[in-house]
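See below for the structure under consideration.
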Amino acid sequence: MKDKTVEHGFPHQPSALGYSPFLRLMAIGTRSGAIKLYGAPGVEFMGLHEENNTVMQIHFIPDQCQLVALLDDNSLHLWSLKQHGGASELREEHRFTLKGPPGSPPSATQVTAVLPHSSREVLYLGTESGNIFVVELPSFRVLEDRTITPEAVLQRIPEDNCNRRSCELVEALREHPKNPDQILIGYSRALIVLWDLQNNKAIQHFLGSQQLENLYWQRDGSKFISCHYDGSYTQWPVSSDSRQAEPLENTVPYGPFPCKAISKIYWQTTKNGLPYIIFQGGMPRASYGDRHSISVIHGSQQTAFDFTSRVIDFFIIFSSDPAAEFDDPSALVVLAEEELVVIDLKSAGWPAVHPPYLASLHCSAITCSHHVSNIPLKLWERIISAGSKQNIHYSSMPWPIDGGTNIAPDPPQRDLLLTGHEDGTVRFWDASGVCLHLLYKLSTVRVFLTDADPNDNMNTLGEDEWPPLRKVGTFDPYSDDPRLGIQKIYLCKYSGYLAVAGTAGQVLVMELNDEDAEHVVDHAEADLLQDQEGYRWKGHEKLKTRDGPVRFEAGFQPFVLVQCQPPAVVTSLALHSEWRLVAFGTSHGFGLFDHQQKRLVFVKCTLHPSDQLALEGPLSRVKSLKKSLRQSFRRIRRSRVSSRKRRGGGGTASEVQEANAKFDQDALQEMELAPVQRKIEARSAEDSFTGFVRTLYFADTFLRDSSRHCPSLWAGTNGGTVYAFCLRVPPAERRMDEPVRAEQAKEIQLMHRAPVVGILVLDGRSTPLPEPLEVAHDLSKSPDMQGSHQLLVVSEEQFKVFTLPKVSSKLKLKLTALEGCRVRKVTVANFGSCKTDDYSENDLAVLTNLGDIQIISLPFLKLQIRYPCIRKEDVSGIASCVFTKYGQGFYLISPSEFERFSLSTKWLVEPRCIVDMPEVTSNNHVHNKSGTENAARRSRESGKSPDDCGEDERKSGRLMEHALLNDESE
Amino acid sequence: MNRAQRGAAGSRGLGTMEVKSKFGAEFRRFSLERSKPGKFEEFYGLLQHVHKIPNVDVLVGYTDIHGDLLPINNDDNYHKAVSTANPLLRIFIQRKEDADYSAFGTDTMTRKKNVLSNVLRPDNHKKKPHIVISMPQDFRPVSSIIDVDILPETHRRVRLYKYGTDKPLGFYIRDGSSVRVTPHGLEKVPGIFISRLVPGGLAQSTGLLAVNDEVLEVNGIEVSGKSLDQVTDMMIANSRNLIITVRPANQRNNVVRNSRTSGSSGQSTESSLPSSTPNLLGGVLQGEEESDEEDIIIEDSGEPQQIPKAAPTSESIESLSQIELLHESTQNGFLPSSEVNLNHSAGSISMEYEVPEPGPKSLEEDGTIITL
């Protein structure tokens, strides 16, 4: 049993960004104290600060596998990547908090700027008090004699325009690019000093007129640039002859009206002489002050990249070869609060680069997920090809952050994770490996007429618009019409049929088409109330459909739309691709649709006469959500997000759990202990939402007599009722001529009346029936139709096995009565042995409302193992959990991140990677090696046989794949 | 009667023992070879023969020297019965279908108390007249106090029968804390308490539960370490046959049983400790057996029917529960008895079977638990 293995998606609440041009690794810090390193796809490291404090700054030590993190409690932490057991690991080495002399105010030691010196021996720490402390690495010993005090600085500067206050708060520290003995010190009040470290004196000082925000050296060290609070930036010449220099040029790029601060600036030289000036902010305060922008100016080209969320930080990837004459920037990497955006600066038009990881899962809120294991290669390729057509606007540049080497075994199979979103889209993710990568995005919106105005786009600015804003990124959580939300997804991997169902009772059946096409979507309505009188639906209206043919891009194209009436949210969905049937259920009943003949086969109302509540829609008071409401949604969402959250770290999972538990306890203590009491009452048939259809299941089994099996449809409701319908599906040759018939054969009422969450038929060998078409594709043994079949009904409280066709109870496991936990998710998982390839067994993987995962054997319902997985308070995590067919699972740990866990010893997906240690040459001070040299060394390193289990691991990976192929051909 | 007497008289001898067997209102007398009693099955056949009830399933009981009605259902207790019978072996036979199990056990034949309780509670000595109204199955049980013999006196195990009644269970539970003596001294531990009784609800109308009673177990499962929500779910899951063990907030109404040193109370001293679990499980299974909810099936839109049990298999819970019951009954030495009026039979004072229980445990009982 293996625990959490990897986190997919975008870190929740990022707070700091760092980059090492030497390692070509990027580091992201978060507000919960996590630190995550990313390099080439698959190269990932994670660490968690014990304090769980916000990471304020991250600085890599030049030419080292080390980095320093500054937290908001003013502590500094040294992390390093060390090789262990054939793979690199991120470990915290030291921690340190700067202490001032006794009695000094906290501001004396509040670190504001950190400069790791290129000598790798010391760290310069600028503070709020203006002192610059020097600490030795890696011991964090303060070298007191080398402290640069404001007094020392002021002594060497003419006093006429400077006083003690000019030296308060160090805003920026920058080492001279050519001379490591000189550093540039920028104080908040616009005094900038070039300091000689050897002689401890100011070489030159520069006095700006506006509050300083940041500094940046030109590559040759002859000039530097400063940016300011008023939205201006200034170039300064550096020369040894004039003690006080005058600015070369002062620009307010978005003037003349008052502008917001430019908080960070880059000056990048190029061969053609025109520099790139890249800066964050500086927008005109009145009209664009709320934009989150980064501007790139290159000669006459100027673009202000406009982000949908706050910019945390950014960096430029440029030539790191110290011998190179120019910077030649290649990419701009921006960490926004909700996504990572990389801009290719080498290609015309500065297109975005499609990131291979750190995908913003929540670009529209996730409403459901569906996992499909072991995708046939053909379907996989078709989905990728459909997706590549959607990505043509992305740059073809290879991913520029490519440090480290991924040594994890190749994923054993192709897995798809499908996420349904609030805006009516379904995203297809490659979930085979460590990098959760977007393959294809499907939108169902085109089928409907929505309130959304197609011209409502922030990008409609003309060519001459000023400022030249360009919206980038995909994060757009504001859905115009919540009815479009996707609630259920079912993909048949053999046929390529996809069924999706949504919030307003819409059910779409789609087919994969490799070409664009324009066609009419067949439309049917399913009146689930039938003859029931006296009901009035108070919820939202059904979605309006487009008349006439609709143009669909290549990919999954809908050909059937069924709309439930009343248009309540679809609560269950099943598709049988062999019989060409789709079943759907809502809180009112369920229906069966023949998508071959495009005919509704039957509907069944499950509503209890006294259940009025089911008639009130979930959005009864919300008629439509227009743009004017966006702002309030934004607020709600922000407050939801801002509730502080702990997340997994580099330590063991138990550490994280502990941190979580501690946090919960604190939170509990803060809350007033209100006397909570719970009513103890038996469920009754009159309870609300008993008709709510929780699960639908197709099975070819013995429903009526033990001599003949037939297709059947099973439905389970919230009130503990199971309905079984006997289906007559015409043989293939007469499939279009004869109607599909259905007849109710059985109705089982569980006396404990708990919601039925799963129905399963076991064949004569007690093996779950295969999926539709699984046998036809030779991927599963045909079910045993000789022995007697058994029916497994899983309610929230009990597991019950009944015989078939005569229903008599055989076995049960009363989970809730014994343990006080309830079933939230259940699925059949196949567990292979990691020792032998020929043994595997099917068990039930169960997630309870306590966040425990239990494995329960089939068919004897014995508890095999239980382990805690999700905190029980994490209701949304539990609700989002999805199991795979082979004992892995995913759940959301934040709106933007999936945690992957594995219950199987055989199927593991976790990062395993190596980052090379640089050769330390301390006396001969060598700057970064060139990128190519680096890459060459990497490939050399990975090519040569590593001493230990790295190689074994890879071998076993291949074995696994081989084994899998064997499985497939079995 | 005459015939029996004659038979008994005729067989009186040195190695023989007189047997007086009662079935219904009829008595039979016969004698047995004391040294060679034979097997229980043979004895059972003999009883059926002498009473002329060859095909009737019966339960066999005897009064031991203390006056308790004890079962004979295997060779061991049969031999015990024969060896202890002095001079007469009194046998009571009861039809299995209308067996009254509760008549078995200690003090079923006599209300004589041991010396200690006689001194402490002289009024206990008064025999209550046993009122027979009707056979129990003619009534619908609503609630009962069960397992009094295995629980400490400070605890009460209450069974609420929800089926067949329209009354709501009608109570609420809450979080709270109680103080216990643990190996580490006094400790405040979280507990679950009854917070409210709904007027007219089942819980209130039984009078067996009260506000601030601490809930210790739900259908045999200890609640310690479980959250309020978990306990709520457990109770609701068991709502059709809810057995809750409480420590009543008001300890003054406790029935003080005759003997503190008796095995039963000794056994249950650590009620909050794991050792009591087997008994508790017995309780659950017992509940299961008697009132398991039957799911309902409607075939082809026909009439609703109860879903039958599939042919019992080795993993069937029912068979397990029966084994458990039998096991328990032989251990405790109590057993089906027949008639109510057996109570008036004489017996002796001390109870040999239960003496082995160590005395100090009963001290622990009072020490381990402090009720707030």
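Residue numbers start at 1 in each chain; chains themselves are named A, B, ... in the order of the structure tokens; ligands are numbered from 1 in the order shown.
Residues of stretch 216-424 of chain A carrying a DSSP assignment of helix (DSSP H, G or I), computed from the backbone, are Arg285, Ala286, Ser287, Tyr288, Leu377, Lys378, Leu379, Trp380, Glu381, Arg382, Ile383, Ile384, Ser385, Ala386, Gly387, Ser388, Lys389 and Gln390 of chain A.
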Take the selection from the previous step and output its residues with N, CA and C atoms, as a compact mmCIF listing (two decimals), in the first residue's frame.
```
# COMPACT_ATOMS: atom_id res chain seq x y z
N ARG A 285 -3.11 54.46 -13.85
CA ARG A 285 -3.79 54.14 -12.60
C ARG A 285 -5.31 54.17 -12.73
N ALA A 286 -5.83 55.19 -13.38
CA ALA A 286 -7.28 55.39 -13.39
C ALA A 286 -8.00 54.35 -14.24
N SER A 287 -7.54 54.15 -15.47
CA SER A 287 -8.33 53.30 -16.35
C SER A 287 -7.88 51.85 -16.38
N TYR A 288 -6.63 51.59 -16.09
CA TYR A 288 -6.17 50.21 -16.18
C TYR A 288 -5.47 49.75 -14.90
N LEU A 377 -4.49 2.47 -28.19
CA LEU A 377 -3.61 3.42 -28.86
C LEU A 377 -4.34 4.24 -29.92
N LYS A 378 -5.23 3.59 -30.63
CA LYS A 378 -5.93 4.26 -31.74
C LYS A 378 -6.72 5.46 -31.21
N LEU A 379 -7.49 5.23 -30.16
CA LEU A 379 -8.30 6.32 -29.60
C LEU A 379 -7.38 7.41 -29.06
N TRP A 380 -6.32 7.00 -28.41
CA TRP A 380 -5.35 7.93 -27.83
C TRP A 380 -4.82 8.88 -28.92
N GLU A 381 -4.43 8.30 -30.01
CA GLU A 381 -3.87 9.12 -31.09
C GLU A 381 -4.90 10.06 -31.68
N ARG A 382 -6.13 9.57 -31.79
CA ARG A 382 -7.18 10.44 -32.35
C ARG A 382 -7.47 11.61 -31.42
N ILE A 383 -7.45 11.35 -30.13
CA ILE A 383 -7.70 12.46 -29.19
C ILE A 383 -6.55 13.46 -29.26
N ILE A 384 -5.34 12.95 -29.33
CA ILE A 384 -4.19 13.85 -29.40
C ILE A 384 -4.26 14.68 -30.68
N SER A 385 -4.65 14.03 -31.75
CA SER A 385 -4.69 14.78 -33.01
C SER A 385 -5.79 15.84 -32.96
N ALA A 386 -6.92 15.52 -32.35
CA ALA A 386 -7.97 16.53 -32.20
C ALA A 386 -7.47 17.68 -31.34
N GLY A 387 -6.71 17.34 -30.30
CA GLY A 387 -6.20 18.37 -29.40
C GLY A 387 -5.14 19.23 -30.06
N SER A 388 -4.33 18.63 -30.91
CA SER A 388 -3.26 19.41 -31.52
C SER A 388 -3.83 20.48 -32.44
N LYS A 389 -5.01 20.19 -33.00
CA LYS A 389 -5.64 21.21 -33.86
C LYS A 389 -6.10 22.40 -33.04
N GLN A 390 -6.32 22.18 -31.75
CA GLN A 390 -6.77 23.29 -30.90
C GLN A 390 -5.59 24.12 -30.42
```
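Residues in contact range of A:His77, defined as at most 8 Å between only C-alpha atoms, with sequence neighbours fewer than 6 positions away removed, read Val68, Ala69, Leu70, Glu92, Glu93, His94, Arg95 and Phe96 of chain A.
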- Within 12 Å of B:Lys226, counting only C-alpha atoms, which residues show up once you throw out same-chain ones fewer than 3 positions away? Write them as a PyMOL selection string, please. (chain A and resi 818-821+850) or (chain B and resi 175+189-192+215-218+221-223+229-234)
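Residues within 6 Å of stretch 504-516 of chain A, counting only C-alpha atoms and excluding same-chain residues fewer than 3 positions away, are Arg483, Gly496, Tyr497, Leu498, Ala499, Val500, Ala501, Lys542, Phe552, Glu553, Ala554, Gly555, Phe556, Gln557, Pro558, Phe559, Val560, Leu561, Val562, Gln563, Cys564, Pro567, Ala568, Val569 and Val570 of chain A.
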Residue contacts of A:Phe799 (10 Å, only C-alpha atoms) excluding same-chain residues fewer than 4 positions away, as a PDB file with C-alpha atoms, in the first residue's frame:
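Listed below is the output, selection39.pdb:
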```pdb
ATOM      1  CA  VAL A 756     -27.839   3.140  -3.210  1.00  0.00           C
ATOM      2  CA  GLY A 758     -23.386   1.176  -6.502  1.00  0.00           C
ATOM      3  CA  ILE A 759     -24.861  -1.814  -8.309  1.00  0.00           C
ATOM      4  CA  LEU A 792     -24.105  -6.663  -5.298  1.00  0.00           C
ATOM      5  CA  VAL A 793     -25.951  -3.620  -4.047  1.00  0.00           C
ATOM      6  CA  VAL A 794     -23.853  -1.020  -2.269  1.00  0.00           C
ATOM      7  CA  SER A 795     -25.722   1.510  -0.222  1.00  0.00           C
ATOM      8  CA  LEU A 811     -24.314 -11.950   2.344  1.00  0.00           C
ATOM      9  CA  LYS A 812     -23.977  -8.534   3.779  1.00  0.00           C
ATOM     10  CA  LEU A 813     -21.537  -6.189   5.386  1.00  0.00           C
ATOM     11  CA  LYS A 814     -23.102  -3.550   7.584  1.00  0.00           C
ATOM     12  CA  LEU A 815     -20.366  -0.982   7.380  1.00  0.00           C
ATOM     13  CA  THR A 816     -22.109   1.901   9.074  1.00  0.00           C
ATOM     14  CA  VAL A 823     -19.716   4.897   1.651  1.00  0.00           C
ATOM     15  CA  ILE A 856     -13.267  -5.034   0.524  1.00  0.00           C
ATOM     16  CA  LEU A 861     -17.179  -8.806   1.435  1.00  0.00           C
TER      17      LEU A 861
END
```
